[in-house]
file final_32.cif (mmCIF, C-alpha atoms)
data_run
loop_
_atom_site.label_atom_id
_atom_site.label_comp_id
_atom_site.auth_asym_id
_atom_site.auth_seq_id
_atom_site.Cartn_x
_atom_site.Cartn_y
_atom_site.Cartn_z
CA MET X 13 0.57 2.57 -11.63
CA GLU X 14 -1.25 -0.75 -11.30
CA GLN X 15 -4.50 1.11 -10.52
CA ASP X 16 -4.23 3.00 -13.82
CA ILE X 17 -3.70 -0.22 -15.77
CA PHE X 18 -6.59 -2.01 -14.11
CA SER X 19 -8.80 1.07 -14.45
CA SER X 20 -8.15 1.01 -18.19
CA PHE X 21 -8.77 -2.72 -18.29
CA PHE X 22 -12.08 -2.50 -16.48
CA GLN X 23 -13.17 0.49 -18.58
CA HIS X 24 -12.63 -1.67 -21.64
CA CYS X 25 -14.70 -4.40 -20.00
CA VAL X 26 -17.54 -1.93 -19.35
CA ARG X 27 -17.50 -0.83 -22.97
CA TYR X 28 -17.50 -4.49 -23.96
CA LEU X 29 -20.65 -5.14 -21.94
CA ARG X 30 -22.37 -2.02 -23.24
CA GLY X 31 -21.36 -2.67 -26.83
CA ASP X 32 -20.07 0.90 -27.34
CA GLY X 33 -18.21 1.84 -30.50
CA SER X 34 -17.30 0.07 -33.72
CA ALA X 35 -14.55 -2.00 -32.08
CA ALA X 36 -17.05 -3.31 -29.55
CA SER X 37 -19.21 -5.10 -32.11
CA ALA X 38 -20.40 -8.56 -31.19
CA ASN X 39 -17.78 -10.21 -33.39
CA PHE X 40 -14.93 -8.18 -31.96
CA ARG X 41 -16.12 -8.86 -28.43
CA ARG X 42 -16.01 -12.58 -29.15
CA LEU X 43 -12.47 -12.34 -30.52
CA TRP X 44 -11.38 -10.23 -27.55
CA PHE X 45 -12.91 -12.71 -25.12
CA SER X 46 -11.06 -15.60 -26.78
CA ASN X 47 -7.82 -13.61 -26.74
CA GLY X 48 -8.26 -13.04 -22.99
CA LEU X 49 -8.82 -16.74 -22.36
CA ASN X 50 -5.70 -17.55 -24.36
CA CYS X 51 -3.58 -14.95 -22.54
CA PHE X 52 -4.50 -16.28 -19.11
CA GLY X 53 -4.20 -19.86 -20.35
CA ALA X 54 -0.70 -19.24 -21.68
CA GLN X 55 0.42 -17.79 -18.34
CA ILE X 56 -0.98 -20.77 -16.42
CA THR X 57 0.47 -23.31 -18.84
CA SER X 58 3.93 -21.72 -18.85
CA LEU X 59 4.19 -22.45 -15.11
CA ALA X 60 1.99 -25.52 -14.67
CA LEU X 61 3.52 -27.63 -17.45
CA PRO X 62 7.14 -27.45 -16.22
CA LEU X 63 5.95 -27.88 -12.62
CA CYS X 64 4.14 -31.01 -13.75
CA ALA X 65 7.44 -32.32 -15.12
CA VAL X 66 9.50 -31.30 -12.08
CA LEU X 67 7.14 -32.21 -9.24
CA LEU X 68 5.32 -35.27 -10.62
CA LEU X 69 7.80 -36.83 -13.03
CA HIS X 70 11.02 -35.66 -11.30
CA ALA X 71 12.45 -34.43 -14.59
CA THR X 72 16.20 -34.08 -14.99
CA PRO X 73 17.78 -30.89 -16.39
CA GLU X 74 18.28 -32.58 -19.76
CA GLN X 75 14.63 -33.58 -19.88
CA MET X 76 13.56 -30.03 -19.04
CA GLY X 77 15.79 -28.80 -21.84
CA VAL X 78 14.08 -31.14 -24.29
CA LEU X 79 10.62 -30.06 -23.08
CA VAL X 80 11.34 -26.36 -23.57
CA ALA X 81 13.10 -27.02 -26.89
CA LEU X 82 10.08 -28.83 -28.30
CA GLN X 83 7.80 -25.94 -27.34
CA ALA X 84 10.05 -23.59 -29.32
CA LEU X 85 10.76 -25.96 -32.24
CA PRO X 86 7.56 -25.03 -34.18
CA PHE X 87 8.94 -21.51 -34.65
CA ALA X 88 11.90 -22.99 -36.50
CA LEU X 89 9.88 -25.54 -38.47
CA PHE X 90 6.77 -23.56 -39.32
CA GLY X 91 7.65 -19.88 -38.89
CA LEU X 92 8.32 -19.25 -42.58
CA PRO X 93 5.63 -21.52 -44.12
CA VAL X 94 2.96 -20.07 -41.81
CA GLY X 95 3.49 -16.60 -43.29
CA VAL X 96 2.71 -17.96 -46.75
CA LEU X 97 -0.20 -20.06 -45.43
CA LEU X 98 -1.87 -17.04 -43.85
CA ASP X 99 -1.57 -15.07 -47.10
CA ARG X 100 -3.34 -17.86 -49.02
CA ARG X 101 -6.00 -19.26 -46.65
CA SER X 102 -8.94 -18.02 -44.60
CA LYS X 103 -7.82 -17.27 -41.05
CA HIS X 104 -10.99 -18.16 -39.10
CA PRO X 105 -10.79 -21.96 -39.65
CA ILE X 106 -7.07 -21.87 -38.90
CA MET X 107 -7.80 -20.25 -35.54
CA LEU X 108 -10.46 -22.86 -34.72
CA PHE X 109 -8.15 -25.74 -35.62
CA SER X 110 -5.20 -24.34 -33.67
CA GLU X 111 -7.18 -23.75 -30.48
CA SER X 112 -8.93 -27.13 -30.69
CA MET X 113 -5.59 -28.85 -31.12
CA SER X 114 -4.03 -27.01 -28.16
CA GLY X 115 -7.02 -27.58 -25.88
CA LEU X 116 -7.20 -31.32 -26.55
CA ALA X 117 -3.44 -31.71 -26.10
CA LEU X 118 -3.52 -30.00 -22.71
CA ALA X 119 -6.58 -31.97 -21.59
CA SER X 120 -4.72 -35.17 -22.38
CA VAL X 121 -2.15 -34.32 -19.66
CA ALA X 122 -4.77 -34.56 -16.91
CA VAL X 123 -6.33 -37.69 -18.43
CA ALA X 124 -2.94 -39.39 -18.75
CA TYR X 125 -2.06 -38.50 -15.15
CA TRP X 126 -5.31 -39.91 -13.76
CA CYS X 127 -4.81 -43.07 -15.84
CA GLY X 128 -1.26 -43.48 -14.53
CA VAL X 129 0.42 -43.24 -17.95
CA LEU X 130 1.77 -39.68 -17.88
CA SER X 131 5.44 -39.53 -18.86
CA MET X 132 8.01 -37.09 -20.13
CA PRO X 133 7.56 -38.24 -23.77
CA TRP X 134 3.86 -37.44 -23.34
CA LEU X 135 4.72 -33.93 -22.16
CA TYR X 136 7.17 -33.57 -25.05
CA ILE X 137 4.37 -34.19 -27.56
CA VAL X 138 2.01 -31.84 -25.74
CA GLY X 139 4.66 -29.11 -25.62
CA PHE X 140 5.27 -29.41 -29.37
CA ILE X 141 1.53 -29.26 -30.13
CA ILE X 142 0.85 -26.15 -28.03
CA GLY X 143 3.94 -24.49 -29.53
CA THR X 144 2.57 -25.22 -33.00
CA GLY X 145 -0.81 -23.84 -32.01
CA PHE X 146 0.82 -20.63 -30.80
CA VAL X 147 2.79 -20.13 -34.02
CA VAL X 148 -0.11 -20.88 -36.36
CA GLY X 149 -3.08 -19.64 -34.36
CA GLY X 150 -1.35 -16.52 -33.03
CA GLY X 151 -0.41 -15.39 -36.51
CA ALA X 152 -3.92 -16.09 -37.80
CA GLU X 153 -5.45 -14.04 -34.98
CA GLN X 154 -3.29 -11.01 -35.78
CA VAL X 155 -4.33 -11.04 -39.44
CA PHE X 156 -8.00 -11.79 -38.67
CA LEU X 157 -8.13 -8.84 -36.26
CA THR X 158 -7.09 -6.49 -39.06
CA PHE X 159 -9.87 -7.88 -41.26
CA LEU X 160 -12.41 -7.58 -38.46
CA VAL X 161 -11.85 -3.98 -37.32
CA GLY X 162 -10.03 -2.48 -40.30
CA ARG X 163 -6.76 -0.59 -40.17
CA ASP X 164 -8.44 2.49 -38.71
CA GLY X 165 -9.74 0.46 -35.76
CA LEU X 166 -6.50 -1.37 -35.02
CA ILE X 167 -5.19 1.08 -32.41
CA ASP X 168 -8.37 0.88 -30.35
CA ALA X 169 -8.57 -2.89 -30.73
CA GLN X 170 -4.91 -3.47 -29.90
CA SER X 171 -5.21 -1.30 -26.79
CA LYS X 172 -7.93 -3.62 -25.51
CA PHE X 173 -5.82 -6.68 -26.30
CA ALA X 174 -2.81 -5.08 -24.58
CA ALA X 175 -4.83 -4.32 -21.44
CA THR X 176 -5.96 -7.94 -21.27
CA GLU X 177 -2.43 -9.23 -21.81
CA SER X 178 -1.06 -6.95 -19.09
CA ALA X 179 -3.71 -8.13 -16.64
CA SER X 180 -2.99 -11.77 -17.48
CA ARG X 181 0.76 -11.26 -17.08
CA LEU X 182 0.22 -9.74 -13.65
CA ILE X 183 -2.45 -12.15 -12.37
CA GLY X 184 -1.77 -15.33 -14.35
CA PRO X 185 1.41 -16.62 -12.67
CA GLY X 186 -0.03 -16.17 -9.18
CA LEU X 187 -3.24 -17.89 -10.26
CA ALA X 188 -1.21 -20.73 -11.74
CA GLY X 189 0.81 -21.13 -8.55
CA VAL X 190 -2.34 -21.29 -6.44
CA LEU X 191 -4.00 -23.81 -8.77
CA VAL X 192 -0.93 -26.06 -8.72
CA GLN X 193 -0.52 -25.66 -4.96
CA VAL X 194 -4.17 -26.40 -4.14
CA LEU X 195 -5.43 -28.62 -6.99
CA SER X 196 -2.21 -30.07 -8.53
CA ALA X 197 -0.46 -29.27 -11.82
CA PRO X 198 -2.63 -31.57 -14.02
CA VAL X 199 -5.81 -29.89 -12.80
CA ALA X 200 -4.30 -26.45 -13.47
CA ILE X 201 -3.48 -27.58 -17.00
CA LEU X 202 -7.01 -28.96 -17.40
CA CYS X 203 -8.41 -25.54 -16.50
CA THR X 204 -6.37 -24.07 -19.34
CA ALA X 205 -7.64 -26.76 -21.71
CA CYS X 206 -11.22 -25.87 -20.81
CA GLY X 207 -10.43 -22.23 -21.62
CA TYR X 208 -9.22 -23.19 -25.10
CA LEU X 209 -12.31 -25.30 -25.78
CA ILE X 210 -14.61 -22.52 -24.58
CA SER X 211 -12.75 -20.21 -26.94
CA VAL X 212 -13.42 -22.57 -29.85
CA PHE X 213 -17.18 -22.52 -29.26
CA ASN X 214 -17.04 -18.76 -28.82
CA LEU X 215 -15.22 -18.22 -32.12
CA ARG X 216 -17.55 -20.59 -33.97
CA ALA X 217 -20.46 -18.34 -32.95
CA MET X 218 -19.00 -15.35 -34.82
CA SER X 219 -21.27 -14.13 -37.60
CA VAL X 220 -18.45 -13.14 -39.99
CA ARG X 221 -15.77 -15.09 -41.78
CA ASP X 222 -12.78 -13.64 -43.55
CA PRO X 223 -12.79 -14.37 -47.30
CA ARG X 224 -10.33 -16.76 -48.82
CA PRO X 225 -7.54 -14.76 -50.53
CA ALA X 226 -7.23 -14.91 -54.29
CA PRO X 227 -5.06 -17.80 -55.52
CA SER X 228 -1.41 -16.96 -56.05
CA ASP X 229 0.61 -18.24 -58.99
CA LYS X 230 3.85 -17.48 -57.17
CA HIS X 231 5.68 -20.41 -55.61
CA ALA X 232 5.68 -20.38 -51.82
CA LEU X 233 9.45 -20.85 -51.71
CA ARG X 234 9.85 -17.68 -53.76
CA ASP X 235 7.93 -15.68 -51.15
CA ILE X 236 10.08 -17.18 -48.39
CA ALA X 237 13.28 -16.37 -50.29
CA ASP X 238 12.15 -12.78 -50.88
CA GLY X 239 11.61 -12.29 -47.14
CA LEU X 240 15.01 -13.71 -46.25
CA LEU X 241 16.80 -11.57 -48.85
CA PHE X 242 15.03 -8.42 -47.71
CA VAL X 243 16.09 -8.90 -44.08
CA TRP X 244 19.65 -9.77 -45.08
CA ARG X 245 20.05 -6.67 -47.27
CA GLU X 246 18.70 -4.23 -44.65
CA PRO X 247 21.55 -3.56 -42.15
CA LEU X 248 19.29 -2.59 -39.25
CA LEU X 249 17.02 -5.63 -39.67
CA ARG X 250 20.07 -7.86 -39.96
CA ALA X 251 21.49 -6.51 -36.69
CA LEU X 252 18.13 -6.87 -34.92
CA ALA X 253 17.71 -10.41 -36.25
CA TRP X 254 21.01 -11.82 -35.02
CA GLY X 255 20.80 -9.91 -31.73
CA ALA X 256 17.27 -11.10 -30.97
CA GLY X 257 18.20 -14.59 -32.16
CA ILE X 258 21.05 -14.91 -29.66
CA TRP X 259 18.87 -13.38 -26.93
CA HIS X 260 16.15 -15.98 -27.55
CA PHE X 261 18.82 -18.69 -27.43
CA LEU X 262 19.75 -17.50 -23.94
CA PHE X 263 16.16 -16.89 -22.83
CA TYR X 264 14.95 -20.38 -23.72
CA ALA X 265 18.07 -21.78 -22.11
CA SER X 266 17.07 -20.04 -18.89
CA MET X 267 13.46 -21.26 -19.26
CA ALA X 268 14.75 -24.81 -19.18
CA LEU X 269 16.44 -24.23 -15.82
CA THR X 270 14.54 -21.57 -13.85
CA VAL X 271 11.77 -23.84 -12.52
CA LEU X 272 14.38 -26.40 -11.47
CA PHE X 273 16.47 -23.69 -9.85
CA ALA X 274 13.53 -22.08 -8.03
CA THR X 275 12.00 -25.31 -6.71
CA ARG X 276 15.09 -27.43 -6.00
CA ASP X 277 17.87 -24.94 -5.27
CA LEU X 278 15.80 -22.20 -3.63
CA GLY X 279 13.10 -24.49 -2.21
CA MET X 280 10.11 -22.49 -3.48
CA SER X 281 6.64 -24.02 -3.45
CA PRO X 282 4.44 -23.62 -6.56
CA GLY X 283 2.46 -20.89 -4.81
CA VAL X 284 5.56 -18.89 -3.90
CA LEU X 285 7.01 -19.32 -7.39
CA GLY X 286 3.79 -18.02 -8.90
CA MET X 287 3.86 -14.99 -6.63
CA THR X 288 7.47 -14.17 -7.56
CA GLN X 289 6.60 -14.30 -11.25
CA MET X 290 3.65 -11.98 -10.63
CA LEU X 291 6.18 -9.30 -9.73
CA GLY X 292 7.63 -9.82 -13.19
CA GLY X 293 4.21 -8.85 -14.52
CA ALA X 294 4.49 -5.61 -12.57
CA GLY X 295 7.76 -5.01 -14.42
CA VAL X 296 5.86 -5.30 -17.70
CA LEU X 297 3.46 -2.62 -16.48
CA LEU X 298 6.32 -0.33 -15.49
CA SER X 299 7.83 -0.65 -18.96
CA ALA X 300 4.56 0.58 -20.48
CA PHE X 301 5.02 3.86 -18.59
CA ILE X 302 8.72 4.45 -19.21
CA VAL X 303 9.33 3.14 -22.73
CA LYS X 304 7.94 6.25 -24.45
CA PRO X 305 9.94 8.78 -22.36
CA LEU X 306 13.09 6.70 -22.76
CA THR X 307 12.61 6.42 -26.51
CA LYS X 308 11.96 10.15 -26.81
CA ARG X 309 15.05 11.08 -24.81
CA TYR X 310 17.58 8.44 -25.92
CA GLY X 311 16.16 7.10 -29.17
CA ALA X 312 14.76 3.70 -30.06
CA GLY X 313 18.17 2.10 -30.52
CA ARG X 314 19.53 3.07 -27.11
CA THR X 315 16.26 2.09 -25.43
CA ILE X 316 16.67 -1.37 -26.93
CA LEU X 317 20.19 -1.50 -25.51
CA ILE X 318 18.96 -0.37 -22.07
CA GLY X 319 16.42 -3.19 -22.07
CA LEU X 320 19.04 -5.69 -23.20
CA ALA X 321 21.44 -4.57 -20.45
CA SER X 322 18.69 -4.93 -17.83
CA THR X 323 18.03 -8.53 -18.84
CA SER X 324 21.78 -9.26 -18.84
CA VAL X 325 22.18 -7.98 -15.27
CA CYS X 326 19.31 -10.21 -14.16
CA PHE X 327 20.76 -13.21 -16.01
CA ALA X 328 24.08 -12.55 -14.27
CA LEU X 329 22.66 -12.18 -10.74
CA THR X 330 20.20 -15.09 -10.76
CA PRO X 331 22.75 -17.92 -10.20
CA THR X 332 24.28 -15.96 -7.31
CA ILE X 333 21.10 -16.13 -5.18
CA PRO X 334 21.84 -18.48 -2.25
CA ALA X 335 19.38 -21.05 -0.95
CA ALA X 336 18.94 -18.94 2.20
CA LEU X 337 19.83 -15.27 1.70
CA PHE X 338 20.71 -13.72 5.07
CA GLY X 339 19.76 -17.08 6.56
CA SER X 340 16.20 -16.93 5.19
CA ALA X 341 14.60 -18.83 2.30
CA ALA X 342 11.98 -16.07 2.13
CA ALA X 343 14.70 -13.49 1.46
CA SER X 344 15.97 -15.62 -1.41
CA ALA X 345 12.46 -15.71 -2.87
CA VAL X 346 12.21 -11.93 -2.58
CA ALA X 347 15.57 -11.49 -4.33
CA TYR X 348 14.40 -13.79 -7.12
CA ALA X 349 11.15 -11.81 -7.44
CA VAL X 350 13.02 -8.50 -7.68
CA LEU X 351 15.16 -9.88 -10.49
CA MET X 352 12.01 -11.06 -12.28
CA PHE X 353 10.64 -7.51 -12.01
CA PHE X 354 13.65 -5.90 -13.67
CA PHE X 355 14.04 -8.74 -16.16
CA ASP X 356 10.48 -8.48 -17.48
CA CYS X 357 10.73 -4.70 -17.58
CA GLY X 358 13.95 -5.02 -19.61
CA VAL X 359 12.36 -7.50 -22.00
CA MET X 360 9.62 -5.03 -22.88
CA LEU X 361 12.08 -2.14 -23.21
CA PHE X 362 13.96 -4.33 -25.68
CA PHE X 363 11.04 -5.56 -27.76
CA ILE X 364 8.61 -2.63 -27.92
CA PRO X 365 10.98 -0.33 -29.84
CA TYR X 366 12.41 -3.40 -31.61
CA LEU X 367 9.00 -4.09 -33.16
CA GLY X 368 8.57 -0.43 -34.04
CA LEU X 369 11.93 -0.23 -35.83
CA ARG X 370 11.09 -3.34 -37.85
CA GLN X 371 7.93 -1.68 -39.15
CA LYS X 372 9.65 1.65 -39.83
CA VAL X 373 12.24 0.28 -42.25
CA THR X 374 9.90 -2.10 -44.10
CA PRO X 375 7.63 -1.07 -46.99
CA ASP X 376 3.99 -2.21 -46.85
CA PRO X 377 4.26 -4.94 -49.54
CA MET X 378 7.00 -6.67 -47.49
CA LEU X 379 5.48 -6.42 -44.00
CA GLY X 380 4.00 -9.91 -43.91
CA ARG X 381 7.10 -11.64 -45.20
CA MET X 382 9.39 -9.51 -43.04
CA THR X 383 7.36 -10.40 -39.94
CA SER X 384 7.37 -14.15 -40.58
CA THR X 385 11.06 -14.07 -41.53
CA MET X 386 12.07 -12.16 -38.39
CA ARG X 387 9.98 -14.47 -36.18
CA PHE X 388 11.77 -17.42 -37.76
CA LEU X 389 15.27 -15.98 -37.53
CA THR X 390 14.91 -14.78 -33.95
CA VAL X 391 13.32 -17.88 -32.42
CA ALA X 392 14.83 -20.63 -34.58
CA THR X 393 17.81 -20.77 -32.20
CA ALA X 394 15.62 -21.24 -29.11
CA PRO X 395 15.48 -25.06 -29.17
CA LEU X 396 19.27 -25.24 -29.30
CA GLY X 397 19.52 -22.95 -26.28
CA ALA X 398 17.17 -25.10 -24.22
CA LEU X 399 18.98 -28.32 -25.18
CA ALA X 400 22.41 -26.83 -24.46
CA ALA X 401 21.33 -25.52 -21.05
CA GLY X 402 19.80 -28.88 -20.13
CA TRP X 403 23.00 -30.72 -21.05
CA ILE X 404 25.26 -28.31 -19.15
CA ALA X 405 23.04 -28.41 -16.06
CA GLU X 406 22.83 -32.21 -16.19
CA HIS X 407 26.62 -32.58 -16.18
CA PHE X 408 27.80 -29.52 -14.25
CA GLY X 409 24.84 -28.37 -12.17
CA VAL X 410 21.94 -25.96 -12.60
CA ARG X 411 23.82 -22.97 -11.15
CA ASN X 412 26.71 -23.49 -13.57
CA GLY X 413 24.23 -23.72 -16.43
CA LEU X 414 22.74 -20.38 -15.39
CA ALA X 415 26.23 -18.92 -15.07
CA CYS X 416 26.96 -19.85 -18.70
CA ILE X 417 23.76 -18.07 -19.74
CA ALA X 418 24.91 -15.02 -17.75
CA ALA X 419 28.28 -14.97 -19.51
CA GLY X 420 26.60 -15.22 -22.91
CA SER X 421 24.18 -12.38 -22.12
CA ILE X 422 26.99 -10.04 -21.04
CA LEU X 423 28.93 -10.80 -24.22
CA LEU X 424 25.80 -10.19 -26.31
CA THR X 425 25.19 -6.82 -24.67
CA VAL X 426 28.75 -5.64 -25.26
CA THR X 427 28.61 -6.77 -28.88
CA MET X 428 25.24 -5.11 -29.52
CA VAL X 429 26.46 -1.82 -28.01
CA TRP X 430 29.73 -1.63 -29.92
CA GLY X 431 29.13 -3.83 -32.96
CA THR X 432 25.79 -2.57 -34.30
CA PRO X 433 24.37 0.80 -35.41
CA LEU X 434 21.74 0.79 -32.66
CA ARG X 435 23.43 3.48 -30.53
CA SER X 436 22.83 6.04 -33.29
CA VAL X 437 19.27 5.03 -34.21
CA ARG X 438 16.74 7.61 -33.02
CA THR X 439 13.44 6.56 -34.65
#

call {"tool": "encode", "arguments": {"input": "final_32.cif", "output": "C-alpha cells"}}
result
Amino acid sequence: MEQDIFSSFFQHCVRYLRGDGSAASANFRRLWFSNGLNCFGAQITSLALPLCAVLLLHATPEQMGVLVALQALPFALFGLPVGVLLDRRSKHPIMLFSESMSGLALASVAVAYWCGVLSMPWLYIVGFIIGTGFVVGGGAEQVFLTFLVGRDGLIDAQSKFAATESASRLIGPGLAGVLVQVLSAPVAILCTACGYLISVFNLRAMSVRDPRPAPSDKHALRDIADGLLFVWREPLLRALAWGAGIWHFLFYASMALTVLFATRDLGMSPGVLGMTQMLGGAGVLLSAFIVKPLTKRYGAGRTILIGLASTSVCFALTPTIPAALFGSAAASAVAYAVLMFFFDCGVMLFFIPYLGLRQKVTPDPMLGRMTSTMRFLTVATAPLGALAAGWIAEHFGVRNGLACIAAGSILLTVTMVWGTPLRSVRT
C-alpha cells in the first residue's frame, strides 16, 4: 500500500523534473513546490509548537487549551470575510503576504527562545498568526490553482497535491519528532519558518499573476448572508454543518490535551511521539484505498457515519491507555499509535465523502459562498472546545478531560446515525 503511494508520489516528481504535460508548466511546478513545503511545515509545526510549550515552558492544561484555541480562532473570525475577499482581490499577493506572515511569526519563536524571552503569550500570538495564514493563504491557493491550470486540469493538479500531502502526513510527524529530539523544538520550528520564506521567494518568481476580479456593487454582508441562508435551507448541508461543527469542537479539545497526555501520562519522548503519529499517516493512506469501495457499497452517508464511529471509538479508548500497558511503556506507545492509525483513517472516511456531498447539492453560483460558510460553521466551535478541555483537565485531570471528549463523541455518533438523513444518502 505505502509502496503504491510513494511510487505515485515519485512519478509525479519525475514528471515535475521533466516538465511533462500542461500541469507541469514552470508556474505550476513552483506552486506545487510551495504547497509541498507548506504541507511538511504544517506537520512539523503541529507537533513542534505544542512540544515547545510543554517541554520548555511547562505549560498547564489551561494554557494548552488557550494555545490551540487561538490557532483555531481565525476560522471563526475570518472564515466568512475571507470568502468575499478572495472573490474581490487577486490571489497571488494574498498568498505571498500570508506565507511571509507565517514564516516570520514562526522564526520569532526561535529568536525569542535564544534571547530568553519566550513565553506562553508569545506562543499565543504566533499560534493566532499561523492560524490566520492558514485560513487566508490556504483559501487563496485553492482559487489560484484553478486559475493556473483551468478546470480541466484540476484533477491532475489535485492528484499531485494529494500525493504530496499524503507523503507529508506519513513522514512529517516522525521528522518533527526527530528534529525536536535532536535539535530542540525551537530549531524544528525555525526549519519550518525557513520553508515558508523559501516558498515566498519561489512564488514571487512565478511569471503569471491572476487578474483582479471586476468590482462588485454588492455589499459583502449580503454575500455572507446569502451563504448562511443557503446552508440553513438545505437539510443535508444543515445536518453536515452541525455534525462537523460538534466534531471539530471535540477534535480541537483533544488537540489541547494529547501532547500533554502522551508526554506526561505515557512518558513518550518527542521522537517516540512523532513515530506514533506517523502511523496515523498510514491510516490516511489506508482510507484512500477503502473510501471508494465503501462509498460504492454503503453510500456516501453511511461511509461518513463509519468514519465518525471510528473516531469515536478512538476518542473513547485513548484515556484508558495506562502509563505502562502490560508493565511496559513501549506497549502503551504502541497502543496509542494503533489508535492514531484508526483515528486518522476514520477522519478521512468522514471528510472525503462529506466534501463530495457538499459539492453535489450546491449549484455552481453558490459554491464559493457555501464553502466559506461551511468552513466557518464547522470550525467556529473549535476554540471553545480547546478552552473547555483545558479547563476540565486543569481542574480534574487530563484523563478526565479526555473521558469527557469520549462521552461527547459517542453521543454525537448516536445522534448523527438516528437524527439525520445520512443513513439513506447514497450519492

call {"tool": "residues_near_point", "arguments": {"input": "final_32.cif", "point": "(-10.3, -17.3, -18.6)", "cutoff": "10 Å", "atoms": "only C-alpha atoms", "output": "PyMOL selection string"}}
result
chain X and resi 45-53+180+184+203-204+206-208+210-211

call {"tool": "residues_around", "arguments": {"input": "final_32.cif", "residues": "Ile258 (chain X)", "least_positions_apart": "5", "cutoff": "9 Å", "atoms": "all atoms listed in the file", "output": "PyMOL selection string"}}
result
chain X and resi 253+263+390-391+393-394+397+420-421+424

call {"tool": "closest_residue", "arguments": {"input": "final_32.cif", "among": "X:Ala349, X:Ala300, X:Ala398, X:Ile333", "to": "Ile364 (chain X)", "atoms": "only C-alpha atoms"}}
result
X:Ala300

call {"tool": "resolve_selection", "arguments": {"input": "final_32.cif", "expression": "the PyMOL selection byres ((chain X and resi 127-136) around 9)", "output": "list of chain:residue names"}}
result
X:Leu61, X:Cys64, X:Ala65, X:Leu69, X:Ala71, X:Gln75, X:Val78, X:Leu79, X:Val80, X:Leu82, X:Gln83, X:Ser120, X:Val121, X:Ala122, X:Val123, X:Ala124, X:Tyr125, X:Trp126, X:Ile137, X:Val138, X:Gly139, X:Phe140, X:Ile141

call {"tool": "closest_residue", "arguments": {"input": "final_32.cif", "among": "X:Leu240, X:Ala336, X:Val410, X:Met378", "to": "Thr72 (chain X)", "atoms": "all atoms listed in the file"}}
result
X:Val410

call {"tool": "residues_around", "arguments": {"input": "final_32.cif", "residues": "Gln193 (chain X)", "least_positions_apart": "2", "cutoff": "12 Å", "atoms": "all atoms listed in the file", "output": "ChimeraX atom specification"}}
result
/X:59-60,63-64,67,186-191,195-200,280-287

call {"tool": "resolve_selection", "arguments": {"input": "final_32.cif", "expression": "the PyMOL selection byres ((chain X and resi 308-311) around 10)", "output": "ChimeraX atom specification"}}
result
/X:303-307,312-316,318,365,434-439

call {"tool": "atom_distance", "arguments": {"input": "final_32.cif", "atom1": "CA of Glu111 (chain X)", "atom2": "CA of Phe146 (chain X)"}}
result
8.6 Å

call {"tool": "residues_around", "arguments": {"input": "final_32.cif", "residues": "Phe87 (chain X)", "least_positions_apart": "6", "cutoff": "12 Å", "atoms": "only C-alpha atoms", "output": "PyMOL selection string"}}
result
chain X and resi 81+93-95+140-148+150-151+257+260+384-395

call {"tool": "closest_residue", "arguments": {"input": "final_32.cif", "among": "X:Lys372, X:Leu396, X:Phe355, X:Leu252", "to": "Pro433 (chain X)", "atoms": "only C-alpha atoms"}}
result
X:Leu252

call {"tool": "atom_distance", "arguments": {"input": "final_32.cif", "atom1": "CA of Arg381 (chain X)", "atom2": "CA of Tyr264 (chain X)"}}
result
24.5 Å

call {"tool": "closest_residue", "arguments": {"input": "final_32.cif", "among": "X:Val359, X:Leu233, X:Val155, X:Leu160", "to": "Ser299 (chain X)", "atoms": "all atoms listed in the file"}}
result
X:Val359

call {"tool": "residues_around", "arguments": {"input": "final_32.cif", "residues": "Ala321 (chain X)", "least_positions_apart": "4", "cutoff": "7 Å", "atoms": "only C-alpha atoms", "output": "VMD selection string"}}
result
chain X and resid 317 325 425

call {"tool": "atom_distance", "arguments": {"input": "final_32.cif", "atom1": "CA of Gln371 (chain X)", "atom2": "CA of Leu248 (chain X)"}}
result
11.4 Å

call {"tool": "residues_around", "arguments": {"input": "final_32.cif", "residues": "Leu182 (chain X)", "least_positions_apart": "5", "cutoff": "8 Å", "atoms": "all atoms listed in the file", "output": "JSON, numbers by chain"}}
result
{"X": [290, 291, 292, 293, 294]}

call {"tool": "resolve_selection", "arguments": {"input": "final_32.cif", "expression": "the PyMOL selection byres ((chain X and resi 242) around 12)", "output": "ChimeraX atom specification"}}
result
/X:235-241,243-250,253,370,373-375,377-386

call {"tool": "axis_aligned_box", "arguments": {"input": "final_32.cif", "around": "region 145-161 of chain X", "padding_each_side": "3 Å", "output": "AutoDock Vina command-line options"}}
result
--center_x -4.8 --center_y -13.9 --center_z -36.0 --size_x 21.2 --size_y 25.9 --size_z 16.5
